[in-house]
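Trainee: The following file, run.pdb, comprises PDB, C-alpha atoms, pLDDT in the B column:
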ATOM      1  CA  LYS A   1      26.563   3.538  -3.349  1.00 88.00           C
ATOM      2  CA  ALA A   2      23.915   2.753  -0.765  1.00 90.00           C
ATOM      3  CA  SER A   3      21.548   1.564  -3.493  1.00 86.00           C
ATOM      4  CA  ALA A   4      24.288  -0.598  -5.026  1.00 89.00           C
ATOM      5  CA  GLU A   5      24.889  -2.274  -1.655  1.00 93.00           C
ATOM      6  CA  MET A   6      21.174  -2.925  -1.202  1.00 91.00           C
ATOM      7  CA  LEU A   7      20.908  -4.367  -4.717  1.00 87.00           C
ATOM      8  CA  LYS A   8      23.904  -6.645  -4.083  1.00 90.00           C
ATOM      9  CA  GLU A   9      22.325  -7.901  -0.865  1.00 92.00           C
ATOM     10  CA  PHE A  10      18.989  -8.383  -2.656  1.00 89.00           C
ATOM     11  CA  ASN A  11      20.598 -10.361  -5.496  1.00 89.00           C
ATOM     12  CA  GLU A  12      22.508 -12.647  -3.116  1.00 91.00           C
ATOM     13  CA  ARG A  13      19.565 -13.667  -0.890  1.00 94.00           C
ATOM     14  CA  PRO A  14      19.146 -17.462  -0.610  1.00 95.00           C
ATOM     15  CA  ILE A  15      15.903 -18.881  -2.035  1.00 95.00           C
ATOM     16  CA  ASP A  16      15.137 -20.822   1.117  1.00 91.00           C
ATOM     17  CA  ARG A  17      11.630 -22.151   0.497  1.00 94.00           C
ATOM     18  CA  TYR A  18       9.534 -23.831  -2.172  1.00 97.00           C
ATOM     19  CA  PHE A  19       7.716 -21.624  -4.690  1.00 97.00           C
ATOM     20  CA  PRO A  20       5.071 -23.735  -6.487  1.00 96.00           C
ATOM     21  CA  ILE A  21       4.078 -20.761  -8.681  1.00 96.00           C
ATOM     22  CA  ILE A  22       6.552 -18.527 -10.509  1.00 96.00           C
ATOM     23  CA  TYR A  23       5.668 -15.640 -12.820  1.00 95.00           C
ATOM     24  CA  VAL A  24       8.229 -14.484 -15.386  1.00 93.00           C
ATOM     25  CA  ASP A  25       7.765 -11.274 -17.357  1.00 89.00           C
ATOM     26  CA  GLY A  26       9.722  -8.449 -18.958  1.00 84.00           C
ATOM     27  CA  TYR A  27       9.450  -4.730 -18.306  1.00 82.00           C
ATOM     28  CA  GLU A  28      10.977  -1.904 -20.361  1.00 79.00           C
ATOM     29  CA  MET A  29      13.012   0.594 -18.354  1.00 77.00           C
ATOM     30  CA  GLY A  30      15.353   3.236 -19.708  1.00 75.00           C
ATOM     31  CA  GLY A  31      15.494   1.563 -23.120  1.00 77.00           C
ATOM     32  CA  ASP A  32      16.477  -1.825 -21.679  1.00 80.00           C
ATOM     33  CA  MET A  33      14.404  -4.864 -20.791  1.00 82.00           C
ATOM     34  CA  MET A  34      14.197  -5.777 -17.126  1.00 84.00           C
ATOM     35  CA  LEU A  35      13.287  -9.448 -16.746  1.00 89.00           C
ATOM     36  CA  VAL A  36      11.573 -10.236 -13.452  1.00 91.00           C
ATOM     37  CA  SER A  37      10.618 -13.488 -11.734  1.00 93.00           C
ATOM     38  CA  LEU A  38       8.029 -13.384  -8.960  1.00 94.00           C
ATOM     39  CA  GLY A  39       7.406 -16.417  -6.766  1.00 96.00           C
ATOM     40  CA  ILE A  40       4.369 -17.343  -4.682  1.00 94.00           C
ATOM     41  CA  ASP A  41       5.088 -19.725  -1.815  1.00 95.00           C
ATOM     42  CA  GLU A  42       2.768 -22.314  -0.287  1.00 93.00           C
ATOM     43  CA  ASN A  43       1.331 -19.711   2.109  1.00 93.00           C
ATOM     44  CA  GLY A  44       0.496 -17.321  -0.734  1.00 90.00           C
ATOM     45  CA  HIS A  45       3.316 -14.849  -0.005  1.00 92.00           C
ATOM     46  CA  LYS A  46       4.799 -13.104  -3.045  1.00 92.00           C
ATOM     47  CA  THR A  47       8.564 -12.622  -3.352  1.00 93.00           C
ATOM     48  CA  VAL A  48      10.664 -11.165  -6.154  1.00 93.00           C
ATOM     49  CA  LEU A  49      13.123 -13.988  -6.841  1.00 95.00           C
ATOM     50  CA  SER A  50      15.432 -12.496  -9.456  1.00 93.00           C
ATOM     51  CA  LEU A  51      16.001  -9.536 -11.784  1.00 88.00           C
ATOM     52  CA  ARG A  52      17.987  -9.420 -14.987  1.00 88.00           C
ATOM     53  CA  GLN A  53      18.759  -6.517 -17.320  1.00 85.00           C
ATOM     54  CA  GLY A  54      19.065  -7.052 -21.074  1.00 82.00           C
ATOM     55  CA  GLY A  55      18.447  -5.474 -24.436  1.00 73.00           C
ATOM     56  CA  THR A  56      15.589  -7.879 -25.173  1.00 71.00           C
ATOM     57  CA  GLU A  57      13.669 -10.746 -23.585  1.00 70.00           C
ATOM     58  CA  ASN A  58      16.022 -13.269 -25.208  1.00 80.00           C
ATOM     59  CA  GLU A  59      16.845 -16.805 -24.087  1.00 83.00           C
ATOM     60  CA  GLU A  60      20.342 -15.945 -22.838  1.00 88.00           C
ATOM     61  CA  VAL A  61      18.931 -13.332 -20.446  1.00 89.00           C
ATOM     62  CA  VAL A  62      16.327 -15.830 -19.208  1.00 90.00           C
ATOM     63  CA  LYS A  63      19.048 -18.480 -18.830  1.00 91.00           C
ATOM     64  CA  SER A  64      21.110 -16.038 -16.766  1.00 91.00           C
ATOM     65  CA  MET A  65      18.107 -15.477 -14.489  1.00 92.00           C
ATOM     66  CA  PHE A  66      17.570 -19.205 -13.992  1.00 94.00           C
ATOM     67  CA  ASP A  67      21.322 -19.722 -13.389  1.00 93.00           C
ATOM     68  CA  ASP A  68      21.097 -17.131 -10.630  1.00 93.00           C
ATOM     69  CA  MET A  69      18.029 -18.815  -9.099  1.00 94.00           C
ATOM     70  CA  ASP A  70      19.788 -22.209  -9.267  1.00 94.00           C
ATOM     71  CA  GLU A  71      22.845 -20.919  -7.428  1.00 93.00           C
ATOM     72  CA  ARG A  72      20.651 -19.415  -4.715  1.00 94.00           C
ATOM     73  CA  GLY A  73      18.748 -22.653  -4.118  1.00 95.00           C
ATOM     74  CA  VAL A  74      15.476 -22.647  -6.076  1.00 95.00           C
ATOM     75  CA  ASN A  75      13.611 -25.914  -5.427  1.00 95.00           C
ATOM     76  CA  LYS A  76      13.358 -27.880  -8.692  1.00 93.00           C
ATOM     77  CA  ASP A  77      12.542 -31.247  -7.085  1.00 94.00           C
ATOM     78  CA  GLN A  78       8.852 -30.373  -6.812  1.00 96.00           C
ATOM     79  CA  PRO A  79       6.515 -29.217  -9.617  1.00 96.00           C
ATOM     80  CA  ILE A  80       6.380 -25.538 -10.530  1.00 97.00           C
ATOM     81  CA  LEU A  81       3.609 -23.747 -12.384  1.00 97.00           C
ATOM     82  CA  PHE A  82       5.118 -20.998 -14.530  1.00 97.00           C
ATOM     83  CA  VAL A  83       2.801 -18.183 -15.590  1.00 96.00           C
ATOM     84  CA  ILE A  84       4.196 -16.358 -18.627  1.00 94.00           C
ATOM     85  CA  ASP A  85       3.164 -14.225 -21.581  1.00 89.00           C
ATOM     86  CA  GLY A  86       3.734 -15.470 -25.130  1.00 83.00           C
ATOM     87  CA  SER A  87       7.539 -15.190 -25.035  1.00 85.00           C
ATOM     88  CA  LYS A  88       9.163 -18.108 -26.880  1.00 89.00           C
ATOM     89  CA  ALA A  89      12.489 -17.364 -25.177  1.00 89.00           C
ATOM     90  CA  ILE A  90      11.002 -17.756 -21.698  1.00 92.00           C
ATOM     91  CA  ARG A  91       9.144 -20.947 -22.658  1.00 92.00           C
ATOM     92  CA  SER A  92      12.247 -22.468 -24.263  1.00 92.00           C
ATOM     93  CA  ALA A  93      14.428 -21.684 -21.233  1.00 92.00           C
ATOM     94  CA  ILE A  94      11.888 -23.242 -18.852  1.00 94.00           C
ATOM     95  CA  LYS A  95      11.716 -26.454 -20.897  1.00 93.00           C
ATOM     96  CA  LYS A  96      15.514 -26.760 -20.995  1.00 91.00           C
ATOM     97  CA  ARG A  97      16.072 -26.041 -17.303  1.00 91.00           C
ATOM     98  CA  PHE A  98      13.170 -27.662 -15.450  1.00 94.00           C
ATOM     99  CA  GLU A  99      11.831 -31.225 -15.513  1.00 93.00           C
ATOM    100  CA  LYS A 100       8.777 -30.894 -13.279  1.00 95.00           C
ATOM    101  CA  TYR A 101       6.912 -27.910 -14.647  1.00 96.00           C
ATOM    102  CA  PHE A 102       3.623 -26.683 -16.064  1.00 97.00           C
ATOM    103  CA  ILE A 103       3.157 -23.551 -18.172  1.00 97.00           C
ATOM    104  CA  GLN A 104       0.097 -21.348 -17.962  1.00 96.00           C
ATOM    105  CA  ARG A 105      -0.149 -18.822 -20.774  1.00 95.00           C
ATOM    106  CA  CYS A 106      -1.450 -15.425 -19.692  1.00 93.00           C
ATOM    107  CA  ARG A 107      -5.014 -15.219 -20.968  1.00 94.00           C
ATOM    108  CA  GLU A 108      -5.069 -11.438 -20.958  1.00 92.00           C
ATOM    109  CA  HIS A 109      -2.095 -11.266 -23.345  1.00 92.00           C
ATOM    110  CA  LYS A 110      -3.613 -13.965 -25.554  1.00 95.00           C
ATOM    111  CA  LYS A 111      -6.990 -12.235 -25.576  1.00 95.00           C
ATOM    112  CA  ARG A 112      -5.432  -8.957 -26.746  1.00 94.00           C
ATOM    113  CA  ASN A 113      -3.497 -10.780 -29.472  1.00 94.00           C
ATOM    114  CA  ILE A 114      -6.670 -12.408 -30.811  1.00 96.00           C
ATOM    115  CA  ILE A 115      -8.743  -9.208 -30.688  1.00 96.00           C
ATOM    116  CA  ASP A 116      -5.993  -7.321 -32.538  1.00 96.00           C
ATOM    117  CA  HIS A 117      -6.653  -9.583 -35.550  1.00 95.00           C
ATOM    118  CA  ALA A 118     -10.400  -8.880 -35.537  1.00 95.00           C
ATOM    119  CA  PRO A 119     -12.031  -6.325 -37.872  1.00 94.00           C
ATOM    120  CA  GLU A 120     -13.012  -3.195 -35.967  1.00 94.00           C
ATOM    121  CA  LYS A 121     -16.752  -3.859 -36.277  1.00 94.00           C
ATOM    122  CA  MET A 122     -16.374  -7.407 -34.891  1.00 95.00           C
ATOM    123  CA  LYS A 123     -14.057  -6.780 -31.924  1.00 96.00           C
ATOM    124  CA  ASP A 124     -16.913  -6.824 -29.391  1.00 96.00           C
ATOM    125  CA  GLU A 125     -18.231 -10.122 -30.761  1.00 96.00           C
ATOM    126  CA  VAL A 126     -14.756 -11.658 -30.720  1.00 96.00           C
ATOM    127  CA  GLU A 127     -14.173 -10.546 -27.137  1.00 96.00           C
ATOM    128  CA  ARG A 128     -17.531 -12.002 -26.090  1.00 95.00           C
ATOM    129  CA  ARG A 129     -16.665 -15.385 -27.612  1.00 94.00           C
ATOM    130  CA  ILE A 130     -13.228 -15.446 -25.953  1.00 94.00           C
ATOM    131  CA  ASN A 131     -14.728 -14.599 -22.566  1.00 94.00           C
ATOM    132  CA  GLU A 132     -17.315 -17.365 -22.946  1.00 94.00           C
ATOM    133  CA  ALA A 133     -14.623 -19.931 -23.729  1.00 93.00           C
ATOM    134  CA  TYR A 134     -12.357 -18.799 -20.900  1.00 93.00           C
ATOM    135  CA  ALA A 135     -15.257 -18.877 -18.413  1.00 92.00           C
ATOM    136  CA  GLU A 136     -15.688 -22.624 -19.001  1.00 92.00           C
ATOM    137  CA  GLN A 137     -14.206 -24.662 -16.134  1.00 91.00           C
ATOM    138  CA  ASN A 138     -14.368 -28.082 -17.817  1.00 93.00           C
ATOM    139  CA  TYR A 139     -11.213 -28.840 -19.822  1.00 94.00           C
ATOM    140  CA  GLU A 140     -12.850 -30.853 -22.633  1.00 95.00           C
ATOM    141  CA  LYS A 141     -15.656 -28.319 -23.081  1.00 95.00           C
ATOM    142  CA  ALA A 142     -13.276 -25.343 -23.030  1.00 95.00           C
ATOM    143  CA  HIS A 143     -10.990 -27.064 -25.567  1.00 96.00           C
ATOM    144  CA  ALA A 144     -13.922 -27.820 -27.898  1.00 96.00           C
ATOM    145  CA  GLN A 145     -15.254 -24.276 -27.520  1.00 95.00           C
ATOM    146  CA  LEU A 146     -11.902 -22.710 -28.439  1.00 96.00           C
ATOM    147  CA  ASN A 147     -11.507 -25.001 -31.464  1.00 96.00           C
ATOM    148  CA  SER A 148     -15.008 -24.085 -32.608  1.00 96.00           C
ATOM    149  CA  PHE A 149     -14.152 -20.416 -32.081  1.00 96.00           C
ATOM    150  CA  ALA A 150     -10.978 -20.845 -34.168  1.00 96.00           C
ATOM    151  CA  LYS A 151     -12.954 -22.379 -37.066  1.00 96.00           C
ATOM    152  CA  TRP A 152     -15.407 -19.478 -36.907  1.00 96.00           C
ATOM    153  CA  ALA A 153     -12.495 -16.998 -36.865  1.00 96.00           C
ATOM    154  CA  ASP A 154     -10.902 -18.671 -39.921  1.00 96.00           C
ATOM    155  CA  ARG A 155     -13.794 -17.437 -42.061  1.00 95.00           C
ATOM    156  CA  ILE A 156     -13.175 -13.843 -40.968  1.00 94.00           C
ATOM    157  CA  ASN A 157      -9.383 -13.748 -40.808  1.00 95.00           C
ATOM    158  CA  PRO A 158      -7.200 -16.895 -40.908  1.00 95.00           C
ATOM    159  CA  ASP A 159      -4.562 -15.086 -38.837  1.00 96.00           C
ATOM    160  CA  MET A 160      -7.105 -14.708 -36.042  1.00 96.00           C
ATOM    161  CA  GLY A 161      -7.875 -18.433 -36.194  1.00 96.00           C
ATOM    162  CA  ASN A 162      -4.160 -19.230 -36.023  1.00 96.00           C
ATOM    163  CA  SER A 163      -3.732 -16.877 -33.083  1.00 96.00           C
ATOM    164  CA  ILE A 164      -6.452 -18.774 -31.173  1.00 96.00           C
ATOM    165  CA  ARG A 165      -4.780 -22.128 -31.870  1.00 96.00           C
ATOM    166  CA  GLU A 166      -1.271 -20.898 -31.001  1.00 94.00           C
ATOM    167  CA  GLY A 167      -0.660 -21.718 -27.343  1.00 93.00           C
ATOM    168  CA  LEU A 168      -4.245 -22.961 -26.914  1.00 95.00           C
ATOM    169  CA  GLU A 169      -3.268 -25.845 -24.634  1.00 95.00           C
ATOM    170  CA  GLU A 170      -1.217 -23.581 -22.384  1.00 96.00           C
ATOM    171  CA  THR A 171      -4.148 -21.230 -21.856  1.00 95.00           C
ATOM    172  CA  LEU A 172      -6.063 -24.208 -20.387  1.00 96.00           C
ATOM    173  CA  THR A 173      -3.375 -25.527 -18.022  1.00 96.00           C
ATOM    174  CA  ILE A 174      -5.071 -24.283 -14.856  1.00 94.00           C
ATOM    175  CA  ILE A 175      -8.339 -25.971 -15.867  1.00 94.00           C
ATOM    176  CA  ARG A 176      -6.516 -29.222 -16.692  1.00 94.00           C
ATOM    177  CA  LEU A 177      -4.873 -29.060 -13.237  1.00 93.00           C
ATOM    178  CA  GLU A 178      -8.315 -28.465 -11.690  1.00 92.00           C
ATOM    179  CA  ALA A 179      -7.203 -25.352  -9.826  1.00 88.00           C
ATOM    180  CA  SER A 180      -9.654 -24.087  -7.228  1.00 88.00           C
ATOM    181  CA  PRO A 181     -11.709 -20.991  -8.150  1.00 84.00           C
ATOM    182  CA  PHE A 182      -9.709 -18.922  -5.633  1.00 85.00           C
ATOM    183  CA  LEU A 183      -6.353 -20.007  -7.086  1.00 88.00           C
ATOM    184  CA  TYR A 184      -7.694 -19.646 -10.626  1.00 88.00           C
ATOM    185  CA  LYS A 185      -8.100 -15.892 -10.106  1.00 85.00           C
ATOM    186  CA  THR A 186      -4.406 -15.624  -9.248  1.00 86.00           C
ATOM    187  CA  VAL A 187      -2.843 -17.726 -12.003  1.00 91.00           C
ATOM    188  CA  TYR A 188      -4.955 -17.236 -15.143  1.00 89.00           C
ATOM    189  CA  SER A 189      -2.834 -14.202 -16.106  1.00 88.00           C
ATOM    190  CA  THR A 190       0.419 -12.391 -15.336  1.00 87.00           C
ATOM    191  CA  ASN A 191      -1.507  -9.613 -13.546  1.00 84.00           C
ATOM    192  CA  PRO A 192       0.306 -10.126 -10.196  1.00 85.00           C
ATOM    193  CA  ILE A 193       3.703  -9.447 -11.754  1.00 84.00           C
ATOM    194  CA  GLU A 194       2.320  -6.583 -13.848  1.00 77.00           C
ATOM    195  CA  SER A 195       1.201  -4.972 -10.591  1.00 77.00           C
ATOM    196  CA  LEU A 196       4.856  -5.133  -9.542  1.00 79.00           C
ATOM    197  CA  ASN A 197       5.903  -3.632 -12.883  1.00 75.00           C
ATOM    198  CA  SER A 198       3.540  -0.715 -12.342  1.00 77.00           C
ATOM    199  CA  SER A 199       5.378  -0.040  -9.067  1.00 80.00           C
ATOM    200  CA  PHE A 200       8.633   0.196 -11.044  1.00 77.00           C
ATOM    201  CA  SER A 201       6.954   2.710 -13.302  1.00 76.00           C
ATOM    202  CA  ASN A 202       5.788   4.725 -10.315  1.00 80.00           C
ATOM    203  CA  PHE A 203       9.252   4.804  -8.701  1.00 80.00           C
ATOM    204  CA  THR A 204      11.027   5.800 -11.923  1.00 78.00           C
ATOM    205  CA  ARG A 205       8.447   8.203 -13.362  1.00 79.00           C
ATOM    206  CA  ARG A 206      10.696  11.270 -12.848  1.00 83.00           C
ATOM    207  CA  VAL A 207      13.861   9.703 -14.248  1.00 80.00           C
ATOM    208  CA  LYS A 208      14.589  11.307 -17.617  1.00 80.00           C
ATOM    209  CA  LYS A 209      18.031   9.883 -18.240  1.00 79.00           C
ATOM    210  CA  PHE A 210      19.183   6.399 -17.251  1.00 73.00           C
ATOM    211  CA  HIS A 211      22.975   5.907 -17.023  1.00 71.00           C
TER     212      HIS A 211
END
What do you get writing this file as C-alpha cells?

Mentor:
Amino acid sequence: KASAEMLKEFNERPIDRYFPIIYVDGYEMGGDMMLVSLGIDENGHKTVLSLRQGGTENEEVVKSMFDDMDERGVNKDQPILFVIDGSKAIRSAIKKRFEKYFIQRCREHKKRNIIDHAPEKMKDEVERRINEAYAEQNYEKAHAQLNSFAKWADRINPDMGNSIREGLEETLTIIRLEASPFLYKTVYSTNPIESLNSSFSNFTRRVKKFH
C-alpha cells in the first residue's frame, strides 16, 4: 500500500521545466515491457518523466506515455532531441505527437545490429570500420564514409549493407546539430537510460514471481 501511494504520487508529478533531451527505451520486467522516458534539463539534471507497462513496446503504449506527459505539462513549444533505439513504434509516436523534434538513433544498438550480420571471421573488421565512421565529426564526411562502408558490406552480405543504410541519417543527428564533444558523449547512445534500467534489475533481482 505504501509503495502504491508513492507510485501514484510519482506518476502525478507536474513536469514543471523544459527537457531539451528525452530518452525513451523499453525494459523487460516480470514478462512485461516497462517503457521509460528519461529527461535531461538545461542544467544537465536527469529525471524519470514517465513509466508505462505493456506487453510489448507498441505504439499504443508509447502514445499512453506521451498522453501522460502532455497532461502533466511537458514543454512541446521548444525543440526536443529524442534518443531512442531502433523501435519503429517509438519513432512513429514521436512524429505524430511532436512538431519540434530531432531523433538520434542509439549508435550502440545500431552497431550491434550491423555486427550481427557479419561473418564470424570479419566481425573485428566490421567493428573497426563502424568505429572509424562514428568517430568522424564532420557530417558530410561521416555520411560518405557510412555509404562507402555500406557498399563494401553489400559484397559480403547484402543484409549487412541494408542494416547500415537503415536509420543512417538518424545516427548522424548529433553531428548535423553540431553538438559539443561533451554533449556528444551523453547523447550518441541510450546508455544513460540503460544505466537506469540496470538499477531496476538490481532492485528486482530477488523477485521470482511478479503478480

Trainee: Residues near Leu177 of chain A, anyone? I mean within 10 Å using only C-alpha atoms, not counting same-chain ones fewer than 5 positions away, as an MDAnalysis selection string.

Mentor: chainID A and resid 102 139 172

Trainee: Residues of segment 139-198 of chain A that approach segment 108-112 of chain A to 9 Å or less, counting all atoms listed in the file: could you list each one with the shortest pair of atoms and its distance in Å to one decimal, rows by chain and increasing residue number, as a tab-separated table?

Mentor:
residue	atom	partner	partner_atom	distance
A:Ser163	CA	A:Lys110	CA	8.1
A:Ile164	CA	A:Lys110	CA	7.9
A:Gly167	CA	A:Lys110	CA	8.5
A:Thr171	CA	A:Lys110	CA	8.2
A:Tyr188	CA	A:Glu108	CA	8.2
A:Ser189	CA	A:Glu108	CA	6.0
A:Thr190	CA	A:Glu108	CA	7.9
A:Asn191	CA	A:Glu108	CA	8.4

Trainee: My list of candidates is A:Lys96, A:Arg165, A:Arg205, A:Lys185. Which is closest to Ala144 of chain A when distances are computed with only C-alpha atoms?

Mentor: A:Arg165

Trainee: For the PyMOL selection byres ((chain A and resi 66-75) around 6), applied here, can you spell out every residue it catches as a VMD selection string?

Mentor: chain A and resid 14 to 15 18 63 to 65 76 to 77

Trainee: Name the residues that the PyMOL selection byres ((chain A and resi 25) around 6) picks from the file above, as a PyMOL selection string, using the file's chain letters and numbers.

Mentor: chain A and resi 24+26+35-36

Trainee: Would you mind exporting the chosen residues as a short mmCIF file (atom, residue, chain, number, x, y, z; two decimals), keeping the file's coordinate frame, restricted to C-alpha atoms?

Mentor:
data_model
loop_
_atom_site.label_atom_id
_atom_site.label_comp_id
_atom_site.auth_asym_id
_atom_site.auth_seq_id
_atom_site.Cartn_x
_atom_site.Cartn_y
_atom_site.Cartn_z
CA VAL A 24 8.23 -14.48 -15.39
CA GLY A 26 9.72 -8.45 -18.96
CA LEU A 35 13.29 -9.45 -16.75
CA VAL A 36 11.57 -10.24 -13.45
#

Trainee: Quick one, how far is atom CA of Pro158 of chain A from atom CA of Ala135 of chain A?

Mentor: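 One can read the atom CA of Pro158 of chain A to atom CA of Ala135 of chain A distance as 24.0 Å.
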
Trainee: Env of Gly161 of chain A: 6 Å cut, atoms = all atoms listed in the file, seq-sep filter 4 positions within chain, self excluded. Answer as a list in words.

Mentor: Ala150, Ala153 and Asp154 of chain A

Trainee: Taking 4 positions as the minimum chain separation for residues in the same chain, which residues sit within 10 Å of segment 103-107 of chain A when counting all atoms listed in the file? Answer as number ranges by chain.

Mentor: A: 21-23, 80-87, 91, 94-95, 111-113, 130-131, 134, 167-175, 187-191

Trainee: Report, in Å to a single decimal, how far apart atom CA of Asp159 of chain A and atom CA of Asn147 of chain A are.

Mentor: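 Atom-to-atom, atom CA of Asn147 of chain A to atom CA of Asp159 of chain A, that is 14.2 Å.
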
Trainee: So the first atom is atom CA of Leu51 of chain A and the second is atom CA of Phe210 of chain A; what is the distance between them in Å, to one decimal place?

Mentor: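 Between these atoms lies a distance of 17.1 Å.
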
Trainee: With distances taken over only C-alpha atoms, which residue among A:Met29, A:Glu127, A:Ser50, A:Ile114 lies nearest Glu9 of chain A?

Mentor: A:Ser50

Trainee: Return as lines of an AutoDock Vina configuration file the box centre and box size in Å, one decimal, for an axis-aligned box around all listed atoms of segment 56-61 of chain A padded by 3 Å per side.

Mentor:
center_x = 17.0
center_y = -12.3
center_z = -22.8
size_x = 12.7
size_y = 14.9
size_z = 10.8

Trainee: Taking only C-alpha atoms into account, name the residue in A:His211, A:Arg52, A:Arg97, A:His45 that is nearest to Glu28 of chain A.

Mentor: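 Answer, going by the shortest atom-to-atom distance: A:Arg52.
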
Trainee: Could you add the missing atoms to segment 91-109 of chain A, up to N, CA, C and O atoms, and return them as a compact mmCIF listing (two decimals), in the frame of the given file?

Mentor:
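After the write, result-v9.txt holds the following:
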# COMPACT_ATOMS: atom_id res chain seq x y z
N ARG A 91 9.64 -19.57 -22.59
CA ARG A 91 9.14 -20.95 -22.66
C ARG A 91 10.28 -21.93 -22.92
O ARG A 91 10.39 -22.98 -22.29
N SER A 92 11.13 -21.59 -23.90
CA SER A 92 12.25 -22.47 -24.26
C SER A 92 13.20 -22.67 -23.09
O SER A 92 13.66 -23.79 -22.82
N ALA A 93 13.50 -21.59 -22.37
CA ALA A 93 14.43 -21.68 -21.23
C ALA A 93 13.84 -22.53 -20.11
O ALA A 93 14.56 -23.30 -19.46
N ILE A 94 12.55 -22.42 -19.88
CA ILE A 94 11.89 -23.24 -18.85
C ILE A 94 12.00 -24.72 -19.21
O ILE A 94 12.36 -25.56 -18.38
N LYS A 95 11.70 -25.05 -20.47
CA LYS A 95 11.72 -26.45 -20.90
C LYS A 95 13.11 -27.06 -20.82
O LYS A 95 13.26 -28.27 -20.57
N LYS A 96 14.14 -26.25 -21.05
CA LYS A 96 15.51 -26.76 -21.00
C LYS A 96 16.02 -26.92 -19.56
O LYS A 96 16.87 -27.76 -19.29
N ARG A 97 15.50 -26.10 -18.65
CA ARG A 97 16.07 -26.04 -17.30
C ARG A 97 15.30 -26.90 -16.29
O ARG A 97 15.90 -27.45 -15.36
N PHE A 98 14.00 -27.00 -16.45
CA PHE A 98 13.17 -27.66 -15.45
C PHE A 98 12.58 -28.96 -16.00
O PHE A 98 12.26 -29.05 -17.17
N GLU A 99 12.44 -29.95 -15.13
CA GLU A 99 11.83 -31.22 -15.51
C GLU A 99 10.39 -31.31 -15.04
O GLU A 99 9.53 -31.82 -15.75
N LYS A 100 10.13 -30.84 -13.84
CA LYS A 100 8.78 -30.89 -13.28
C LYS A 100 8.15 -29.51 -13.37
O LYS A 100 8.31 -28.68 -12.47
N TYR A 101 7.48 -29.25 -14.46
CA TYR A 101 6.91 -27.91 -14.65
C TYR A 101 5.59 -27.98 -15.42
O TYR A 101 5.31 -28.95 -16.13
N PHE A 102 4.81 -26.95 -15.25
CA PHE A 102 3.62 -26.68 -16.06
C PHE A 102 3.72 -25.23 -16.51
O PHE A 102 4.30 -24.40 -15.81
N ILE A 103 3.16 -24.93 -17.67
CA ILE A 103 3.16 -23.55 -18.17
C ILE A 103 1.73 -23.10 -18.38
O ILE A 103 0.95 -23.75 -19.09
N GLN A 104 1.39 -22.00 -17.73
CA GLN A 104 0.10 -21.35 -17.96
C GLN A 104 0.34 -20.08 -18.76
O GLN A 104 1.07 -19.19 -18.32
N ARG A 105 -0.26 -20.00 -19.92
CA ARG A 105 -0.15 -18.82 -20.77
C ARG A 105 -1.10 -17.75 -20.28
O ARG A 105 -2.27 -18.02 -19.98
N CYS A 106 -0.61 -16.53 -20.16
CA CYS A 106 -1.45 -15.42 -19.69
C CYS A 106 -2.63 -15.22 -20.65
O CYS A 106 -2.45 -14.95 -21.83
N ARG A 107 -3.82 -15.36 -20.13
CA ARG A 107 -5.01 -15.22 -20.97
C ARG A 107 -5.26 -13.78 -21.40
O ARG A 107 -5.82 -13.54 -22.47
N GLU A 108 -4.85 -12.84 -20.59
CA GLU A 108 -5.07 -11.44 -20.96
C GLU A 108 -4.21 -11.06 -22.16
O GLU A 108 -4.68 -10.37 -23.08
N HIS A 109 -2.95 -11.51 -22.18
CA HIS A 109 -2.10 -11.27 -23.34
C HIS A 109 -2.67 -11.94 -24.58
O HIS A 109 -2.74 -11.35 -25.66
